[in-house]
file entry31.cif (mmCIF, C-alpha atoms)
data_start
#
loop_
_atom_site.label_atom_id
_atom_site.label_comp_id
_atom_site.auth_asym_id
_atom_site.auth_seq_id
_atom_site.Cartn_x
_atom_site.Cartn_y
_atom_site.Cartn_z
CA MET A 1 19.21 23.49 -4.94
CA ASN A 2 19.55 22.90 -8.66
CA ALA A 3 20.86 19.71 -10.17
CA ALA A 4 24.26 21.16 -10.95
CA GLU A 5 24.85 21.92 -7.29
CA ASP A 6 23.62 18.59 -6.02
CA PRO A 7 26.73 16.58 -5.17
CA GLY A 8 24.63 13.47 -4.77
CA ILE A 9 23.94 13.56 -8.48
CA LEU A 10 27.40 14.49 -9.62
CA SER A 11 29.51 12.13 -7.57
CA GLN A 12 29.80 8.66 -9.02
CA GLY A 13 31.62 7.13 -6.03
CA SER A 14 30.60 7.50 -2.42
CA LEU A 15 27.41 9.37 -1.69
CA GLU A 16 27.71 12.97 -0.60
CA GLY A 17 25.33 15.36 1.09
CA VAL A 18 25.25 19.08 1.74
CA ALA A 19 25.14 20.66 5.19
CA ARG A 20 25.21 24.30 6.25
CA VAL A 21 27.49 25.60 8.98
CA VAL A 22 25.38 26.99 11.81
CA ALA A 23 28.07 27.56 14.47
CA VAL A 24 31.83 27.33 14.82
CA GLN A 25 33.25 26.66 18.30
CA GLY A 26 36.99 26.12 18.15
CA ASP A 27 37.63 22.82 16.38
CA GLN A 28 33.97 21.90 16.48
CA VAL A 29 31.81 22.90 13.54
CA TRP A 30 28.05 22.57 14.01
CA VAL A 31 26.23 21.80 10.78
CA GLU A 32 22.62 21.32 9.75
CA PRO A 33 21.69 18.99 6.88
CA GLU A 34 20.33 21.02 4.04
CA GLN A 35 17.53 18.81 2.79
CA GLY A 36 14.03 19.80 3.59
CA GLY A 37 11.16 17.43 3.01
CA SER A 38 10.89 15.18 0.04
CA CYS A 39 9.20 17.89 -1.99
CA GLY A 40 9.74 21.55 -2.74
CA GLY A 41 6.75 22.60 -0.64
CA CYS A 42 8.17 20.93 2.47
CA ALA A 43 11.62 22.41 1.81
CA SER A 44 10.26 25.93 1.51
CA ALA A 45 8.14 25.44 4.64
CA ALA A 46 11.35 24.65 6.53
CA ASN A 47 12.72 28.07 5.67
CA CYS A 48 9.60 30.11 6.37
CA GLY A 49 10.59 30.94 9.94
CA SER A 50 7.87 29.06 11.78
CA LYS A 51 9.65 26.92 14.36
CA GLY A 52 6.94 25.38 16.51
CA ILE A 53 7.12 21.88 17.93
CA GLY A 54 6.95 19.31 15.16
CA THR A 55 7.41 21.76 12.30
CA LEU A 56 9.88 20.89 9.60
CA ALA A 57 12.14 23.74 10.68
CA SER A 58 12.33 22.49 14.24
CA ARG A 59 12.96 18.95 13.07
CA LEU A 60 15.79 20.13 10.82
CA GLU A 61 17.23 21.91 13.84
CA GLY A 62 17.07 18.61 15.70
CA ARG A 63 19.24 17.05 13.00
CA ARG A 64 22.19 19.32 13.71
CA PHE A 65 25.47 17.66 14.58
CA PHE A 66 29.07 18.68 14.95
CA LEU A 67 32.19 17.79 13.05
CA GLU A 68 35.65 17.73 14.57
CA ARG A 69 38.14 19.77 12.56
CA GLU A 70 41.40 17.97 11.90
CA ASP A 71 44.85 19.44 11.41
CA GLY A 72 45.66 19.90 7.76
CA ASP A 73 42.16 19.25 6.46
CA GLY A 74 42.71 22.08 4.00
CA LEU A 75 39.35 23.70 4.61
CA GLY A 76 40.66 26.95 6.02
CA GLU A 77 38.48 29.15 8.18
CA LEU A 78 34.82 28.22 8.07
CA ARG A 79 32.05 30.78 8.46
CA VAL A 80 28.47 30.47 9.58
CA GLY A 81 26.21 30.03 6.57
CA GLU A 82 28.83 28.26 4.49
CA ARG A 83 27.83 25.05 2.76
CA LEU A 84 29.93 21.92 3.09
CA VAL A 85 29.89 18.67 1.17
CA ILE A 86 29.94 15.79 3.65
CA THR A 87 30.42 12.09 3.09
CA PHE A 88 30.35 9.00 5.23
CA GLY A 89 32.81 7.16 2.98
CA GLU A 90 31.91 3.81 1.50
CA GLN A 91 28.95 3.21 3.81
CA SER A 92 25.83 3.15 1.60
CA VAL A 93 22.70 4.96 2.72
CA SER A 94 20.50 2.00 1.82
CA ALA A 95 22.50 -0.29 4.13
CA VAL A 96 22.18 2.20 6.98
CA ALA A 97 18.45 2.65 6.32
CA LEU A 98 18.02 -1.12 6.33
CA LEU A 99 19.82 -1.25 9.66
CA ALA A 100 17.87 1.61 11.25
CA TYR A 101 14.42 0.78 9.90
CA GLY A 102 14.65 -2.72 8.41
CA LEU A 103 15.71 -4.57 11.56
CA PRO A 104 12.91 -3.20 13.80
CA LEU A 105 10.40 -3.81 11.01
CA VAL A 106 11.47 -7.42 10.56
CA GLY A 107 11.26 -7.86 14.34
CA ALA A 108 7.72 -6.45 14.48
CA LEU A 109 6.42 -8.43 11.50
CA SER A 110 7.99 -11.72 12.61
CA ALA A 111 6.60 -11.35 16.14
CA ALA A 112 3.15 -10.43 14.79
CA VAL A 113 2.94 -13.39 12.39
CA PHE A 114 4.25 -15.81 15.01
CA THR A 115 1.81 -14.63 17.69
CA GLN A 116 -1.14 -14.62 15.29
CA GLU A 117 -0.42 -18.27 14.52
CA LEU A 118 -0.16 -19.09 18.23
CA ALA A 119 -2.84 -16.96 19.88
CA GLY A 120 -5.01 -15.82 16.99
CA ARG A 121 -6.19 -12.66 18.73
CA ASP A 122 -5.60 -9.14 17.47
CA GLY A 123 -4.74 -7.67 20.88
CA TYR A 124 -1.97 -10.18 21.53
CA THR A 125 -0.67 -9.79 17.98
CA LEU A 126 -0.46 -6.01 18.45
CA LEU A 127 1.43 -6.37 21.73
CA ALA A 128 3.81 -8.90 20.16
CA ALA A 129 4.44 -6.55 17.22
CA ILE A 130 5.37 -3.74 19.64
CA ALA A 131 7.68 -6.09 21.54
CA GLY A 132 9.26 -7.22 18.25
CA LEU A 133 9.77 -3.60 17.29
CA GLY A 134 11.58 -2.97 20.57
CA LEU A 135 13.78 -6.04 20.08
CA GLY A 136 14.62 -4.89 16.56
CA PHE A 137 15.62 -1.46 17.85
CA ALA A 138 17.81 -3.07 20.52
CA LEU A 139 19.53 -5.18 17.87
CA MET A 140 19.95 -2.09 15.71
CA LYS A 141 21.67 -0.31 18.60
CA ILE A 142 24.17 -3.15 19.00
CA VAL A 143 25.01 -3.36 15.29
CA ALA A 144 25.24 0.44 14.95
CA GLY A 145 27.56 0.55 17.97
CA ARG A 146 29.89 -1.94 16.30
CA LEU A 147 29.86 0.01 13.03
CA LYS A 148 30.65 3.20 14.89
CA ALA A 149 33.52 1.55 16.76
CA ARG A 150 35.02 0.63 13.38
CA GLY A 151 34.69 4.26 12.27
CA ARG A 152 32.16 3.44 9.53
CA LEU A 153 29.68 6.11 10.63
CA THR A 154 32.08 9.04 10.97
CA PRO A 155 31.21 12.08 8.85
CA ARG A 156 33.98 13.75 6.86
CA VAL A 157 34.04 17.08 5.06
CA VAL A 158 34.95 16.54 1.44
CA ARG A 159 35.04 20.16 0.31
CA ARG A 160 33.34 23.48 0.76
CA LEU A 161 30.97 24.67 -1.93
CA SER A 162 31.88 27.77 -3.89
CA SER A 163 31.46 31.10 -2.14
CA ALA A 164 28.68 31.96 -4.60
CA ALA A 165 26.68 29.12 -3.11
CA ILE A 166 26.78 30.56 0.41
CA LEU A 167 23.26 31.21 1.56
CA SER A 168 22.29 34.83 1.87
CA SER A 169 22.45 34.95 5.64
CA GLY A 170 24.33 38.17 6.01
CA HIS A 171 27.77 36.54 6.22
CA MET B 1 0.05 -18.54 2.62
CA ARG B 2 -1.71 -18.19 -0.74
CA GLU B 3 -3.85 -15.45 0.75
CA TYR B 4 -0.74 -13.45 1.72
CA LEU B 5 0.84 -14.00 -1.69
CA LEU B 6 -2.26 -12.67 -3.43
CA MET B 7 -2.34 -9.73 -1.05
CA MET B 8 1.29 -8.98 -1.90
CA VAL B 9 0.68 -9.02 -5.66
CA SER B 10 -2.45 -6.94 -5.26
CA ALA B 11 -0.97 -4.32 -2.92
CA ALA B 12 2.50 -4.04 -4.43
CA LEU B 13 1.85 -4.44 -8.15
CA VAL B 14 -1.81 -4.25 -9.18
CA ASN B 15 -2.77 -1.37 -6.87
CA ASN B 16 0.68 0.17 -6.64
CA VAL B 17 0.68 3.20 -4.36
CA ILE B 18 2.55 5.42 -6.81
CA LEU B 19 1.64 4.23 -10.27
CA ALA B 20 -1.96 3.08 -9.74
CA ARG B 21 -3.15 5.28 -6.89
CA PHE B 22 -0.87 8.25 -7.65
CA LEU B 23 0.13 8.80 -4.02
CA GLY B 24 3.59 9.85 -2.81
CA LEU B 25 4.44 11.55 -6.09
CA CYS B 26 6.55 14.26 -4.43
CA SER B 27 9.10 11.78 -3.09
CA PHE B 28 8.78 9.75 -6.32
CA LEU B 29 10.14 12.70 -8.30
CA GLY B 30 12.21 14.33 -5.57
CA VAL B 31 14.31 11.50 -4.14
CA THR B 32 14.94 9.32 -7.18
CA THR B 33 18.16 10.81 -8.47
CA ARG B 34 20.22 7.90 -7.15
CA VAL B 35 19.29 4.27 -6.58
CA ASP B 36 20.98 4.20 -3.18
CA THR B 37 19.03 7.18 -1.86
CA ALA B 38 15.79 5.93 -3.40
CA LEU B 39 16.22 2.56 -1.69
CA GLY B 40 17.01 4.27 1.62
CA MET B 41 13.93 6.45 1.28
CA GLY B 42 11.87 3.37 0.34
CA VAL B 43 12.97 1.50 3.46
CA ALA B 44 12.28 4.53 5.69
CA THR B 45 8.82 5.01 4.17
CA THR B 46 8.08 1.28 4.46
CA PHE B 47 8.84 1.49 8.15
CA VAL B 48 6.70 4.59 8.69
CA ILE B 49 3.73 3.21 6.71
CA THR B 50 3.81 -0.13 8.52
CA VAL B 51 4.21 1.29 12.02
CA SER B 52 1.53 3.93 11.48
CA SER B 53 -0.82 1.29 10.13
CA MET B 54 -0.47 -0.57 13.45
CA ALA B 55 -1.31 2.56 15.43
CA ASP B 56 -4.11 3.56 13.05
CA TRP B 57 -5.71 0.11 13.23
CA ALA B 58 -5.71 0.27 17.05
CA VAL B 59 -7.15 3.80 17.10
CA GLU B 60 -9.83 2.91 14.55
CA THR B 61 -10.84 -0.38 16.21
CA TRP B 62 -10.72 0.59 19.87
CA LEU B 63 -11.45 4.32 19.82
CA LEU B 64 -13.12 5.77 16.73
CA GLU B 65 -15.50 2.96 15.80
CA PRO B 66 -16.87 2.04 19.26
CA HIS B 67 -17.47 5.70 20.16
CA GLY B 68 -18.98 6.70 16.83
CA LEU B 69 -16.15 9.13 16.05
CA LEU B 70 -15.48 8.00 12.50
CA TYR B 71 -15.92 11.56 11.20
CA LEU B 72 -12.65 12.36 13.00
CA ARG B 73 -10.78 9.62 11.17
CA THR B 74 -8.68 11.72 8.78
CA VAL B 75 -7.64 14.26 11.41
CA THR B 76 -6.85 11.54 13.94
CA PHE B 77 -4.82 9.54 11.45
CA ILE B 78 -2.77 12.61 10.51
CA LEU B 79 -1.96 13.13 14.19
CA VAL B 80 -1.17 9.46 14.74
CA ILE B 81 1.12 9.34 11.70
CA ALA B 82 2.91 12.55 12.73
CA ALA B 83 3.40 11.11 16.22
CA ALA B 84 4.70 7.82 14.78
CA VAL B 85 7.21 9.68 12.59
CA GLN B 86 8.38 11.81 15.53
CA PHE B 87 8.64 8.77 17.77
CA THR B 88 10.71 6.90 15.19
CA GLU B 89 13.11 9.80 14.73
CA MET B 90 13.48 10.25 18.48
CA THR B 91 14.10 6.53 19.01
CA VAL B 92 16.76 6.25 16.30
CA ARG B 93 18.39 9.46 17.53
CA LYS B 94 18.46 8.25 21.13
CA LEU B 95 19.68 4.74 20.34
CA SER B 96 22.28 5.64 17.74
CA PRO B 97 23.11 9.33 17.19
CA ALA B 98 25.73 8.39 14.57
CA LEU B 99 23.15 6.49 12.52
CA PHE B 100 20.72 9.36 12.86
CA GLN B 101 23.36 11.83 11.61
CA MET B 102 24.03 9.78 8.54
CA LEU B 103 20.38 9.30 7.68
CA GLY B 104 19.81 13.01 8.34
CA ILE B 105 22.37 14.13 5.81
CA TYR B 106 21.17 11.84 3.02
CA LEU B 107 17.45 11.25 3.45
CA PRO B 108 14.77 13.91 3.44
CA LEU B 109 12.46 14.21 6.41
CA ILE B 110 9.42 12.02 6.17
CA THR B 111 6.33 13.92 7.08
CA THR B 112 2.71 12.94 7.00
CA ASN B 113 2.76 12.48 3.24
CA CYS B 114 -0.19 11.39 1.18
CA ALA B 115 1.14 7.86 0.63
CA VAL B 116 1.27 7.16 4.37
CA LEU B 117 -2.19 8.61 4.98
CA GLY B 118 -3.62 7.02 1.84
CA VAL B 119 -2.53 3.50 2.83
CA ALA B 120 -3.88 4.00 6.37
CA LEU B 121 -7.28 5.06 5.02
CA LEU B 122 -7.36 2.21 2.52
CA LEU B 123 -6.72 -0.44 5.13
CA VAL B 124 -9.43 0.72 7.51
CA GLU B 125 -11.88 0.84 4.60
CA GLY B 126 -11.02 -2.81 4.01
CA ARG B 127 -12.00 -3.75 7.60
CA MET B 128 -9.19 -6.26 7.91
CA SER B 129 -7.78 -8.01 10.97
CA PHE B 130 -4.71 -6.51 12.64
CA LEU B 131 -2.20 -8.81 10.94
CA ASN B 132 -3.82 -8.44 7.53
CA SER B 133 -3.81 -4.64 7.94
CA VAL B 134 -0.13 -4.59 8.83
CA LEU B 135 0.80 -6.94 5.99
CA PHE B 136 -1.32 -4.95 3.52
CA ALA B 137 0.51 -1.78 4.60
CA PHE B 138 3.88 -3.54 4.39
CA PHE B 139 3.22 -4.93 0.91
CA SER B 140 1.89 -1.57 -0.30
CA SER B 141 5.06 0.13 0.86
CA LEU B 142 7.15 -2.60 -0.74
CA GLY B 143 5.46 -1.66 -4.01
CA TYR B 144 6.30 1.97 -3.31
CA SER B 145 9.97 1.09 -2.71
CA LEU B 146 10.09 -1.09 -5.82
CA VAL B 147 8.87 1.72 -8.06
CA MET B 148 11.22 4.22 -6.40
CA VAL B 149 14.23 1.99 -7.10
CA ILE B 150 13.19 1.19 -10.70
CA PHE B 151 12.60 4.86 -11.45
CA ALA B 152 15.90 5.91 -9.81
CA GLY B 153 17.74 3.32 -11.91
CA LEU B 154 16.14 4.67 -15.07
CA ARG B 155 16.95 8.27 -14.10
CA GLU B 156 20.58 7.40 -13.36
CA ARG B 157 20.89 6.06 -16.89
CA LEU B 158 18.93 8.91 -18.43
CA ALA B 159 21.24 11.44 -16.74
CA LEU B 160 24.01 10.09 -18.97
CA ALA B 161 21.87 10.05 -22.13
CA ASP B 162 22.29 12.67 -24.83
CA ALA B 163 18.77 14.10 -24.58
CA PRO B 164 17.59 17.21 -26.47
CA ARG B 165 18.03 20.28 -24.26
CA LEU B 166 14.28 20.93 -23.94
CA PHE B 167 13.66 17.37 -22.76
CA ALA B 168 16.54 17.08 -20.31
CA GLY B 169 15.69 16.86 -16.63
CA PRO B 170 12.07 16.95 -15.40
CA PRO B 171 10.35 16.55 -18.84
CA LEU B 172 12.22 13.33 -19.48
CA ALA B 173 11.46 12.20 -15.91
CA PHE B 174 7.73 12.78 -16.46
CA ILE B 175 7.75 10.89 -19.76
CA THR B 176 9.63 8.00 -18.11
CA ALA B 177 7.18 7.98 -15.20
CA SER B 178 4.22 7.79 -17.57
CA LEU B 179 5.79 4.89 -19.48
CA LEU B 180 6.46 3.12 -16.18
CA ALA B 181 2.81 3.66 -15.17
CA LEU B 182 1.71 2.19 -18.49
CA ALA B 183 3.91 -0.85 -17.87
CA PHE B 184 2.41 -1.31 -14.41
CA MET B 185 -1.09 -1.12 -15.89
CA GLY B 186 -0.33 -4.53 -17.31
CA PHE B 187 -0.60 -5.96 -13.80
CA SER B 188 -4.22 -4.83 -13.55
CA GLY B 189 -5.08 -7.79 -15.79
CA ILE B 190 -4.13 -10.10 -12.92
CA SER B 191 -7.28 -10.86 -10.97
CA ALA B 192 -6.04 -10.98 -7.40
#
call {"tool": "encode", "arguments": {"input": "entry31.cif", "output": "C-alpha cells"}}
result
Amino acid sequence: MNAAEDPGILSQGSLEGVARVVAVQGDQVWVEPEQGGSCGGCASAANCGSKGIGTLASRLEGRRFFLEREDGDGLGELRVGERLVITFGEQSVSAVALLAYGLPLVGALSAAVFTQELAGRDGYTLLAAIAGLGLGFALMKIVAGRLKARGRLTPRVVRRLSSAAILSSGH
Amino acid sequence: MREYLLMMVSAALVNNVILARFLGLCSFLGVTTRVDTALGMGVATTFVITVSSMADWAVETWLLEPHGLLYLRTVTFILVIAAAVQFTEMTVRKLSPALFQMLGIYLPLITTNCAVLGVALLLVEGRMSFLNSVLFAFFSSLGYSLVMVIFAGLRERLALADAPRLFAGPPLAFITASLLALAFMGFSGISA
C-alpha cells in the first residue's frame, strides 16, 4: 500500500484502518485486516500462499471478524475482495494497546518486584510474575467488557476504497 | 533503587535497541507514520519482549545451561518467542474479541523480530537474576517505544513540510533517523 492510499496517514481525526472483504453473508460482512507484519518482507510473506500453523497468513486469517450492515449505511452492495476503511471512532489505539498489554505487564512486574523483595528467590519471583500476568489479563477483560458495553469498541465502515484499489482477486 | 535507575538509563538511552544496537529497524520505519500507532506498537512490543524474556530466562537457566545445550540457544529462543507471541494473541482474543479486533485492524502482527530476539540474547549473556533480566528487557523495550514515538512525532510534522520532491518520504525519514541516532549518541557519554 502506498502512502497516498494509507488512510491512517491521511486522516487527521480518528484513526482508520483498511480491511478486505473476504465473505458476505446477508447483513454480515466478514473482513480481514490488511496489514501484514511490520515490514514489507513480512507483508509479502503473508500473501505467498503458505498457510501452515503459525505462519503470517494463517495468523491474518485468525484476525478476521464480521461487521453488521446497517440500513442506510450508503455502502451499497459489497463484493469479496473489496477494501473498506474502518474506524473505531474516538477510541485511540494507544489506549487500547495499554489496556490489552499494559495492564498484564504492570501486574507481572509489580508481582515480580514484590515477591523478590519478600522471598528473594528466582523461582518464586517467576511464579509470582506469571500470577501477576494472569491477574492483569483478568482486569483487562473486565475493563474491556465495560468499554464494549458502552459501544466504544464497535467497528464502523467509513467508506469503501475506490474500485481501482480492489485487489486483483478475480472479482 | 539506584541500581535499577542506572539499568534504566543504560538499557533505554545509552544502549538503545534501535539507535545504538540497530535492532527492530523494520518496525521503526514501517509503523511510525502516526504517534498513536507508534505508541500502540511500542506497548505491544514492550509486552512481547518482557514476557519472552521471562520464558527465555527460565529455558536458559533450567534447561539449556544445566544440560549443556547452549548451542541450541538461538533456535530455542526463536521458538519460545514465537510461542509467547502466539499465546499472547490467543489470550487477548479469547478474553476480549472486541479488543483483539481493534488491535488487529491498526497494529501489524508482531513476529519474532530481531529486537525481541536481540534483547533475549543480550540478557542471557549478562547472566543476570530473573528480576534483573525482566527489568532489563522492560527498560530496553521502553527505550524502543520512546524512539518510536519521537520518530513518529517528527514524521507527522515532516509530512506537512514543504520538502523537495526527491527528498519527500523515505529519504527524509532516513535523514531524520540518522540525526536522531546522532542525538542519542550523546547518551553514550554517560557512564552507567
call {"tool": "closest_atom_pairs", "arguments": {"input": "entry31.cif", "of": "range 60-128 of chain A", "to": "range 114-134 of chain B", "cutoff": "12 Å", "atoms": "all atoms listed in the file", "output": "JSON lines"}}
result
{"residue": "A:Leu105", "atom": "CA", "partner": "B:Val134", "partner_atom": "CA", "distance": 10.8}
{"residue": "A:Ala108", "atom": "CA", "partner": "B:Val134", "partner_atom": "CA", "distance": 9.8}
{"residue": "A:Leu109", "atom": "CA", "partner": "B:Val134", "partner_atom": "CA", "distance": 8.0}
{"residue": "A:Ser110", "atom": "CA", "partner": "B:Leu131", "partner_atom": "CA", "distance": 10.7}
{"residue": "A:Ala111", "atom": "CA", "partner": "B:Leu131", "partner_atom": "CA", "distance": 10.5}
{"residue": "A:Ala112", "atom": "CA", "partner": "B:Leu131", "partner_atom": "CA", "distance": 6.8}
{"residue": "A:Val113", "atom": "CA", "partner": "B:Leu131", "partner_atom": "CA", "distance": 7.0}
{"residue": "A:Phe114", "atom": "CA", "partner": "B:Leu131", "partner_atom": "CA", "distance": 10.4}
{"residue": "A:Thr115", "atom": "CA", "partner": "B:Leu131", "partner_atom": "CA", "distance": 9.8}
{"residue": "A:Gln116", "atom": "CA", "partner": "B:Leu131", "partner_atom": "CA", "distance": 7.3}
{"residue": "A:Glu117", "atom": "CA", "partner": "B:Leu131", "partner_atom": "CA", "distance": 10.3}
{"residue": "A:Gly120", "atom": "CA", "partner": "B:Leu131", "partner_atom": "CA", "distance": 9.7}
{"residue": "A:Arg121", "atom": "CA", "partner": "B:Phe130", "partner_atom": "CA", "distance": 8.8}
{"residue": "A:Asp122", "atom": "CA", "partner": "B:Phe130", "partner_atom": "CA", "distance": 5.6}
{"residue": "A:Gly123", "atom": "CA", "partner": "B:Phe130", "partner_atom": "CA", "distance": 8.3}
{"residue": "A:Tyr124", "atom": "CA", "partner": "B:Phe130", "partner_atom": "CA", "distance": 10.0}
{"residue": "A:Thr125", "atom": "CA", "partner": "B:Leu131", "partner_atom": "CA", "distance": 7.3}
{"residue": "A:Leu126", "atom": "CA", "partner": "B:Phe130", "partner_atom": "CA", "distance": 7.2}
{"residue": "A:Leu127", "atom": "CA", "partner": "B:Phe130", "partner_atom": "CA", "distance": 11.0}
{"residue": "A:Ala128", "atom": "CA", "partner": "B:Leu131", "partner_atom": "CA", "distance": 11.0}
call {"tool": "atom_distance", "arguments": {"input": "entry31.cif", "atom1": "CA of Leu84 in chain A", "atom2": "CA of Phe65 in chain A"}}
result
13.0 Å
call {"tool": "residues_around", "arguments": {"input": "entry31.cif", "residues": "range 183-188 of chain B", "least_positions_apart": "6", "cutoff": "7 Å", "atoms": "only C-alpha atoms", "output": "list in words"}}
result
Leu13, Val14 and Leu19 of chain B
call {"tool": "residues_around", "arguments": {"input": "entry31.cif", "residues": "Ala138 in chain A", "least_positions_apart": "3", "cutoff": "12 Å", "atoms": "all atoms listed in the file", "output": "VMD selection string"}}
result
(chain A and resid 99 to 101 103 to 104 107 131 to 135 141 to 145) or (chain B and resid 91 to 92 94 to 96)
call {"tool": "atom_distance", "arguments": {"input": "entry31.cif", "atom1": "CA of Gly153 in chain B", "atom2": "CA of Glu89 in chain B"}}
result
27.8 Å
call {"tool": "residues_around", "arguments": {"input": "entry31.cif", "residues": "Gly169 in chain B", "least_positions_apart": "6", "cutoff": "10 Å", "atoms": "all atoms listed in the file", "output": "NGL selection string"}}
result
(:A and (3)) or (:B and (155 or 158-159 or 163))
call {"tool": "atom_distance", "arguments": {"input": "entry31.cif", "atom1": "CA of Leu39 in chain B", "atom2": "CA of Leu23 in chain B"}}
result
17.4 Å
call {"tool": "axis_aligned_box", "arguments": {"input": "entry31.cif", "around": "range 79-84 of chain B", "padding_each_side": "8 Å", "output": "lines of an AutoDock Vina configuration file"}}
result
center_x = 1.4
center_y = 10.5
center_z = 14.0
size_x = 22.7
size_y = 21.3
size_z = 20.5
